[in-house]
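Chemist: Contents of my_file.txt (compact mmCIF, C-alpha atoms and all ligand atoms) are below:
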```txt
# COMPACT_ATOMS: atom_id res chain seq x y z
CA MET A 183 0.00 0.00 0.00
CA LYS A 184 2.84 2.32 0.94
CA VAL A 185 4.53 1.50 -2.39
CA PHE A 186 1.33 2.22 -4.29
CA THR A 187 0.93 5.63 -2.62
CA SER A 188 4.49 6.70 -3.25
CA LEU A 189 4.30 5.57 -6.92
CA ARG A 190 1.09 7.50 -7.41
CA LYS A 191 2.64 10.62 -5.93
CA LEU A 192 5.71 10.14 -8.04
CA PHE A 193 3.76 9.43 -11.23
CA PRO A 194 3.03 13.03 -12.31
CA SER A 195 6.78 13.87 -12.34
CA LEU A 196 7.66 10.66 -14.21
CA ALA A 197 4.96 11.31 -16.82
CA VAL A 198 6.37 14.78 -17.51
CA LEU A 199 9.89 13.36 -17.76
CA ALA A 200 8.69 10.61 -20.13
CA VAL A 201 7.04 13.16 -22.45
CA GLY A 202 10.24 15.19 -22.46
CA LEU A 203 12.34 12.14 -23.36
CA SER A 204 10.00 11.02 -26.15
CA ILE A 205 10.22 14.46 -27.77
CA ALA A 206 14.01 14.40 -27.43
CA GLY A 207 14.10 10.88 -28.92
CA SER A 208 12.09 11.79 -32.01
CA THR A 209 14.08 13.21 -34.91
CA VAL A 210 11.07 14.71 -36.67
CA LYS A 211 12.40 17.97 -35.29
CA ALA A 212 15.43 19.46 -37.06
CA ASP A 213 17.57 22.26 -35.72
CA ALA A 214 18.91 25.33 -37.47
CA ILE A 215 22.69 25.01 -37.48
CA LEU A 216 25.59 27.32 -38.33
CA PHE A 217 27.38 25.85 -41.34
CA ASP A 218 30.35 27.31 -43.23
CA PRO A 219 30.37 25.59 -46.66
CA ASP A 220 34.10 26.24 -47.27
CA GLY A 221 35.33 26.03 -43.68
CA THR A 222 38.17 28.43 -42.91
CA ALA A 223 38.40 29.57 -46.55
CA PRO A 224 37.22 33.21 -46.62
CA THR A 225 34.95 33.06 -49.70
CA ASN A 226 31.83 32.07 -47.76
CA PRO A 227 30.75 32.96 -44.22
CA ALA A 228 28.83 30.62 -41.95
CA PHE A 229 25.13 30.49 -42.75
CA GLN A 230 22.31 29.53 -40.41
CA VAL A 231 20.71 26.65 -42.29
CA GLY A 232 17.79 24.27 -41.81
CA SER A 233 18.70 21.77 -44.51
CA PHE A 234 21.11 20.80 -47.27
CA GLY A 235 19.82 20.22 -50.79
CA PHE A 236 21.57 17.68 -53.01
CA GLU A 237 21.55 17.27 -56.77
CA THR A 238 19.51 14.41 -58.22
CA GLY A 239 22.00 11.58 -57.74
CA ASN A 240 22.40 7.83 -57.94
CA THR A 241 21.21 5.08 -55.60
CA LEU A 242 21.82 1.34 -55.87
CA ALA A 243 19.70 -1.15 -53.92
CA GLN A 244 22.23 -3.99 -53.99
CA ALA A 245 20.79 -7.53 -54.03
CA SER A 246 17.21 -6.26 -53.71
CA ILE A 247 15.79 -8.21 -56.69
CA SER A 248 15.32 -11.95 -56.84
CA GLY A 249 13.27 -14.04 -59.27
CA GLY A 250 12.12 -10.94 -61.16
CA ASN A 251 10.66 -9.32 -58.06
CA ILE A 252 11.64 -7.30 -55.00
CA ILE A 253 13.00 -9.63 -52.30
CA ALA A 254 10.58 -10.98 -49.69
CA PRO A 255 9.78 -9.31 -46.35
CA GLY A 256 12.41 -9.83 -43.67
CA ASN A 257 15.31 -9.85 -46.12
CA THR A 258 17.94 -7.14 -46.13
CA PHE A 259 19.72 -5.28 -48.90
CA GLN A 260 22.47 -2.66 -49.01
CA LEU A 261 21.67 0.83 -50.31
CA PHE A 262 24.56 2.77 -51.88
CA LEU A 263 24.13 6.48 -52.60
CA GLN A 264 26.28 9.22 -54.13
CA THR A 265 25.46 12.84 -54.92
CA ARG A 266 26.70 16.40 -54.39
CA LEU A 267 25.40 19.47 -52.59
CA THR A 268 23.69 22.12 -54.71
CA ASN A 269 22.26 24.53 -52.13
CA LEU A 270 21.53 25.28 -48.51
CA THR A 271 18.17 26.39 -47.11
CA ALA A 272 18.21 29.28 -44.64
CA SER A 273 16.51 28.86 -41.28
CA PRO A 274 14.47 30.72 -40.33
CA GLY A 275 13.04 32.02 -43.60
CA GLY A 276 13.55 29.08 -45.96
CA ASN A 277 15.46 31.10 -48.56
CA THR A 278 17.77 29.18 -50.90
CA ILE A 279 21.46 29.88 -50.33
CA THR A 280 23.91 29.04 -53.12
CA PRO A 281 27.45 29.34 -51.70
CA LEU A 282 30.00 31.17 -53.88
CA GLY A 283 32.18 28.77 -55.84
CA LEU A 284 30.04 25.69 -55.11
CA ASN A 285 30.26 23.31 -58.07
CA GLY A 286 31.62 26.24 -60.07
CA VAL A 287 34.73 27.06 -61.96
CA ALA A 288 37.36 28.91 -59.94
CA SER A 289 37.22 32.67 -60.52
CA PRO A 290 40.14 34.00 -58.43
CA PRO A 291 40.07 34.89 -55.65
CA ASN A 292 37.04 32.62 -55.32
CA PRO A 293 38.09 28.97 -55.61
CA ALA A 294 35.67 26.32 -56.82
CA PHE A 295 34.72 23.49 -54.51
CA GLU A 296 32.19 20.69 -54.12
CA ILE A 297 30.63 18.94 -51.14
CA THR A 298 29.80 15.32 -51.89
CA LEU A 299 27.77 12.70 -50.05
CA THR A 300 28.46 8.97 -50.09
CA ALA A 301 26.45 6.44 -48.11
CA SER A 302 25.99 2.72 -47.61
CA ILE A 303 23.01 1.62 -45.50
CA THR A 304 21.55 -1.79 -44.59
CA GLU A 305 17.78 -1.76 -45.19
CA ARG A 306 15.19 -4.44 -44.39
CA VAL A 307 12.12 -5.17 -46.53
CA LEU A 308 8.89 -4.89 -44.51
CA THR A 309 6.34 -5.68 -47.22
CA SER A 310 6.65 -6.66 -50.88
CA SER A 311 3.64 -7.39 -53.08
CA GLY A 312 2.29 -6.47 -56.52
CA GLY A 313 5.17 -4.12 -57.30
CA VAL A 314 4.87 -2.20 -54.03
CA ALA A 315 7.55 -2.58 -51.37
CA THR A 316 8.14 -0.91 -48.03
CA PHE A 317 11.37 -0.97 -46.06
CA GLN A 318 13.24 0.64 -43.19
CA THR A 319 16.74 0.91 -41.76
CA ASN A 320 17.85 -2.47 -40.41
CA GLY A 321 18.72 -2.76 -36.71
CA VAL A 322 21.98 -4.53 -37.49
CA GLN A 323 24.10 -2.60 -39.98
CA ASN A 324 26.57 -4.25 -42.33
CA ALA A 325 30.18 -3.60 -41.30
CA ASN A 326 30.45 -1.67 -44.58
CA SER A 327 27.67 0.79 -43.68
CA PHE A 328 28.68 4.47 -43.53
CA ILE A 329 27.53 8.01 -44.29
CA ARG A 330 30.16 10.60 -45.25
CA LEU A 331 30.42 14.17 -46.49
CA PHE A 332 33.52 15.47 -48.28
CA TYR A 333 34.72 19.02 -49.00
CA ASP A 334 36.81 19.04 -52.17
CA THR A 335 38.67 22.03 -53.68
CA THR A 336 39.27 20.09 -56.91
CA PRO A 337 35.65 19.34 -57.92
CA ASP A 338 35.60 16.11 -59.90
CA SER A 339 32.52 14.03 -59.00
CA THR A 340 31.37 12.16 -62.09
CA ASN A 341 28.00 10.44 -62.07
CA PHE A 342 28.84 8.09 -64.96
CA THR A 343 31.87 6.44 -63.34
CA GLY A 344 31.18 7.16 -59.66
CA ALA A 345 34.65 8.73 -59.39
CA GLY A 346 35.35 11.87 -57.36
CA PHE A 347 32.58 11.47 -54.76
CA ALA A 348 34.86 10.34 -51.93
CA ASP A 349 37.96 12.57 -52.13
CA GLY A 350 39.09 15.78 -50.49
CA LEU A 351 38.55 16.49 -46.80
CA GLN A 352 36.03 14.31 -44.94
CA ILE A 353 33.88 16.74 -42.93
CA LEU A 354 31.26 14.38 -41.51
CA SER A 355 30.95 10.71 -40.62
CA ALA A 356 27.73 9.09 -39.40
CA THR A 357 26.32 5.60 -38.80
CA PRO A 358 22.80 4.68 -40.01
CA SER A 359 20.50 4.02 -37.05
CA ALA A 360 17.27 2.03 -36.75
CA SER A 361 16.52 3.67 -33.41
CA LEU A 362 15.88 7.00 -35.15
CA VAL A 363 13.10 7.61 -37.67
CA SER A 364 13.35 5.61 -40.90
CA SER A 365 10.91 4.54 -43.58
CA GLY A 366 10.75 3.78 -47.27
CA ASP A 367 8.45 2.74 -50.08
CA PHE A 368 8.78 2.09 -53.79
CA THR A 369 6.11 1.29 -56.39
CA VAL A 370 7.03 -0.08 -59.81
CA SER A 371 5.17 -0.88 -63.02
CA VAL A 372 3.69 -4.40 -63.09
CA ASN A 373 1.85 -6.64 -65.54
CA ALA A 374 -1.63 -8.17 -64.99
CA GLN A 375 -0.03 -10.84 -62.81
CA GLY A 376 1.53 -8.22 -60.54
CA GLN A 377 5.06 -8.96 -61.79
CA PRO A 378 7.42 -5.98 -62.38
CA ILE A 379 7.81 -5.22 -66.10
CA ALA A 380 10.17 -3.01 -68.05
CA ASN A 381 8.29 -0.32 -69.93
CA SER A 382 11.04 2.26 -70.49
CA ALA A 383 14.61 2.76 -71.57
CA PHE A 384 16.89 2.81 -68.49
CA ASP A 385 18.71 6.06 -69.39
CA THR A 386 16.48 8.73 -70.94
CA PHE A 387 18.76 11.55 -69.68
CA ASP A 388 21.88 11.28 -71.81
CA THR A 389 21.92 12.54 -75.36
CA PRO A 390 22.21 9.92 -78.10
CA GLY A 391 25.82 9.32 -79.09
CA SER A 392 27.24 10.29 -75.66
CA ALA A 393 29.36 7.73 -73.82
CA PRO A 394 26.64 6.94 -71.23
CA ALA A 395 23.93 6.69 -73.91
CA ILE A 396 26.11 4.21 -75.81
CA ALA A 397 26.90 2.26 -72.63
CA TYR A 398 23.24 1.97 -71.63
CA ALA A 399 21.81 1.37 -75.12
CA GLY A 400 19.59 -1.70 -74.90
CA VAL A 401 19.18 -1.51 -71.13
CA THR A 402 15.51 -1.22 -70.17
CA SER A 403 13.85 -0.50 -66.82
CA VAL A 404 10.70 -0.68 -64.80
CA THR A 405 9.18 2.74 -64.13
CA GLY A 406 8.42 3.72 -60.58
CA SER A 407 8.95 6.01 -57.62
CA GLY A 408 8.91 6.24 -53.86
CA GLY A 409 10.29 7.99 -50.82
CA ALA A 410 12.77 7.16 -48.11
CA ILE A 411 13.84 8.55 -44.76
CA ILE A 412 17.19 7.50 -43.31
CA SER A 413 18.58 8.75 -40.01
CA ALA A 414 22.07 8.42 -38.63
CA ILE A 415 24.11 9.08 -35.52
CA VAL A 416 26.94 11.53 -36.20
CA ASN A 417 30.32 10.04 -35.21
CA SER A 418 32.48 13.01 -36.12
CA PHE A 419 32.29 16.36 -37.87
CA ASP A 420 34.74 19.10 -38.80
CA PRO A 421 34.03 22.07 -36.48
CA THR A 422 35.37 24.57 -39.02
CA PHE A 423 32.39 23.61 -41.24
CA PHE A 424 29.79 22.61 -38.64
CA LEU A 425 30.06 25.51 -36.20
CA THR A 426 27.04 24.15 -34.35
CA PRO A 427 27.87 20.75 -32.83
CA ILE A 428 25.49 18.15 -34.33
CA ASN A 429 24.52 14.69 -33.12
CA THR A 430 22.10 13.27 -35.72
CA VAL A 431 21.45 13.70 -39.43
CA ARG A 432 18.27 12.77 -41.29
CA PHE A 433 18.00 12.26 -45.05
CA ASP A 434 14.74 12.58 -46.97
CA ALA A 435 14.85 11.23 -50.50
CA PHE A 436 12.52 11.12 -53.47
CA ASN A 437 13.49 8.15 -55.63
CA ASN A 438 12.41 7.38 -59.18
CA VAL A 439 13.31 5.55 -62.35
CA PRO A 440 13.96 5.66 -65.32
CA PHE A 441 16.87 8.10 -65.21
CA ASN A 442 15.72 11.42 -66.67
CA GLN A 443 17.63 13.96 -64.55
CA THR A 444 21.11 12.51 -64.19
CA THR A 445 23.46 9.95 -65.69
CA PRO A 446 23.24 6.43 -64.21
CA SER A 447 26.44 5.40 -62.43
CA THR A 448 28.33 2.28 -63.42
CA ASN A 449 30.03 2.21 -59.98
CA PHE A 450 29.39 3.24 -56.36
CA ASN A 451 31.79 4.11 -53.53
CA ASN A 452 32.65 1.62 -50.82
CA GLN A 453 34.04 1.77 -47.27
CA THR A 454 37.54 2.53 -48.57
CA ASN A 455 36.32 5.53 -50.63
CA THR A 456 36.79 3.64 -53.88
CA PRO A 457 34.12 3.40 -56.61
CA ALA A 458 34.53 -0.39 -56.69
CA VAL A 459 30.89 -1.38 -56.12
CA VAL A 460 29.67 -2.31 -59.61
CA ALA A 461 26.01 -1.65 -60.40
CA ASN A 462 24.84 -5.15 -61.26
CA ARG A 463 21.34 -4.36 -62.53
CA GLY A 464 21.35 -6.61 -65.59
CA THR A 465 19.75 -5.65 -68.89
CA THR A 466 16.32 -5.04 -67.34
CA ASN A 467 16.62 -2.76 -64.32
CA GLY A 468 14.18 -3.83 -61.60
CA VAL A 469 13.64 -7.30 -63.10
CA SER A 470 17.01 -8.89 -63.97
CA GLY A 471 18.63 -8.13 -60.62
CA PRO A 472 20.31 -8.76 -58.38
CA ASP A 473 20.65 -4.94 -58.00
CA PHE A 474 18.05 -2.24 -58.63
CA GLN A 475 19.22 1.27 -59.56
CA PHE A 476 17.33 4.56 -59.46
CA GLN A 477 17.87 8.30 -59.19
CA SER A 478 17.40 10.11 -55.87
CA ARG A 479 16.81 13.70 -54.90
CA THR A 480 17.92 14.01 -51.29
CA SER A 481 17.89 16.63 -48.56
CA ALA A 482 19.58 16.47 -45.17
CA ALA A 483 18.63 18.05 -41.84
CA PHE A 484 20.44 17.91 -38.52
CA THR A 485 19.84 17.96 -34.79
CA ALA A 486 22.20 19.99 -32.65
CA VAL A 487 23.87 18.71 -29.50
CA PRO A 488 21.69 20.14 -26.68
CA GLU A 489 23.02 23.35 -25.15
CA PRO A 490 24.81 22.82 -21.82
CA ALA A 491 22.05 24.90 -20.18
CA SER A 492 19.27 22.52 -21.28
CA VAL A 493 21.35 19.44 -20.37
CA GLY A 494 21.75 21.03 -16.94
CA MET A 495 18.01 21.62 -16.68
CA MET A 496 17.27 18.00 -17.57
CA ALA A 497 19.87 16.75 -15.04
CA LEU A 498 18.29 19.04 -12.44
CA GLY A 499 14.88 17.51 -13.22
CA VAL A 500 16.20 13.96 -12.74
CA VAL A 501 17.96 14.96 -9.51
CA SER A 502 14.79 16.52 -8.07
CA VAL A 503 12.73 13.40 -8.93
CA LEU A 504 15.39 11.20 -7.26
CA GLY A 505 15.57 13.56 -4.31
CA TYR A 506 11.79 13.41 -3.92
CA THR A 507 11.87 9.59 -3.94
CA TRP A 508 14.71 9.55 -1.40
CA ARG A 509 12.85 11.92 0.94
CA LYS A 510 9.69 9.83 0.65
CA ARG A 511 11.63 6.64 1.43
CA ARG A 512 13.21 8.29 4.47
CA GLN A 513 9.80 9.46 5.69
CA ALA A 514 8.38 5.95 5.19
CA ALA A 515 11.28 4.33 7.06
CA CA B 1 34.43 30.12 -44.81
CA CA B 2 38.85 16.23 -56.19
CA CA B 3 35.35 15.23 -55.42
```
Rewrite the structure of this file - the entire thing - as structure tokens.
Modeler:
Amino acid sequence: MKVFTSLRKLFPSLAVLAVGLSIAGSTVKADAILFDPDGTAPTNPAFQVGSFGFETGNTLAQASISGGNIIAPGNTFQLFLQTRLTNLTASPGGNTITPLGLNGVASPPNPAFEITLTASITERVLTSSGGVATFQTNGVQNANSFIRLFYDTTPDSTNFTGAGFADGLQILSATPSASLVSSGDFTVSVNAQGQPIANSAFDTFDTPGSAPAIAYAGVTSVTGSGGAIISAIVNSFDPTFFLTPINTVRFDAFNNVPFNQTTPSTNFNNQTNTPAVVANRGTTNGVSGPDFQFQSRTSAAFTAVPEPASVGMMALGVVSVLGYTWRKRRQAA
């Protein structure tokens, strides 16, 4: 009875604490952060940004197709991604910021630079039926999983070959996490039996006669689209770029195929920053397998490490709850 009374008295404080923790644990919220796109180089100042916008880039869902269909629920596949930054979004306000020299040609004294993103994430299929699949970040990540950002003063990323996405100065490293928000879906064209079918050329972006157009001649693809959210725990960041300390990053991607906004990559970057992962999509992308390749338009948002003041407040809250319990126990004794 005594225990019941003390729990009931304690409950209101615990409920408030629980609400506070669940808000802190959700990454739906993103923070405005101070980000200097060229670090200590003087061309650009630090901007207060809400998100990063990336160019339409390449994604490979490695070993995601089997028997002409998306693999069955419960199975995992590895997602490889490579793209480059095109703009920042101001926060507050939402204005688009295009840093001087980004993806440009050097016009002294302003040097050109690029910021590239490479990622490798283990995903798990949740549902797969009739050309519609859903997935999320897998709890156990492959040893080869990573998320990286590079600052490069010799811009050279090349979608066709996958070269130049993982060179320069690494400014962020993160590990994909299933404990933060993640989701994904993809819907592809199917026949009357619900089997994925190719109804397009794979590469409709490159002009006839160009090297990619020649390389992908004869390759067909399913058509389809979907969205994905991937979150990650930040392991390290360069404080001359990220002036606000960050602890998580969240990517929101719109994925679609066929390629109509960028050149399909033949290769993707691996753990050792080498474009050695060969896109093995076969002659019918989305049917031949084992890989499935599509284009992705991605944005990134961050959460900041809580200010020391708010950490202190939370610690104070825990201490007062503990103190209350201790006093009640002493009174009961
Ligand atoms: Ca700067
Ligand atoms: Ca370079
Ligand atoms: Ca580069």
Chemist: Just checking: using only C-alpha atoms and all ligand atoms, which residue out of A:Thr422, A:Ser392, A:Asn417, A:Thr280 ends up closest to ligand CA 1 (chain B)?
Modeler: A:Thr422
Chemist: Using only C-alpha atoms and all ligand atoms, which protein or nucleic acid residues are at most 9 Å from ligand CA 1 (chain B), as an NGL selection string?
Modeler: :A and (217-228 or 422-423)
Chemist: For stretch 453-458 of chain A, work out the shell of residues within 10 Å, counting all atoms listed in the file and skipping chain neighbours fewer than 2 positions away, then give it as a list in words.
Modeler: Thr300, Ala301, Ser302, Ala325, Asn326, Ser327, Phe328, Ile329, Arg330, Thr343, Gly344, Ala345, Gly346, Phe347, Ala348, Asp349, Ser447, Thr448, Asn449, Phe450, Asn451, Val460 and Ala461 of chain A
Chemist: Could you check how far atom CA of A:Asp434 sits from atom CA of A:Gln244, in Å to one decimal?
Modeler: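 Atom-to-atom, atom CA of A:Asp434 and atom CA of A:Gln244 are spaced 19.5 Å apart.
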Chemist: Which residues are close to A:Phe229, i.e. within 10 Å by only C-alpha atoms, leaving aside same-chain residues fewer than 5 positions away? Reply as a list in words.
Modeler: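 What passes the distance filter is Ala214, Ile215, Leu216, Phe217, Asp218, Pro219, Leu270, Thr271, Ala272, Ser273, Ile279, Pro281 and Leu425 of chain A.
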Chemist: Collect all residues with atoms no farther than 6 Å from ligand CA 2 (chain B), counting only C-alpha atoms and all ligand atoms, and output them as number ranges by chain.
Modeler: A: 334, 336-338, 346, 349-350
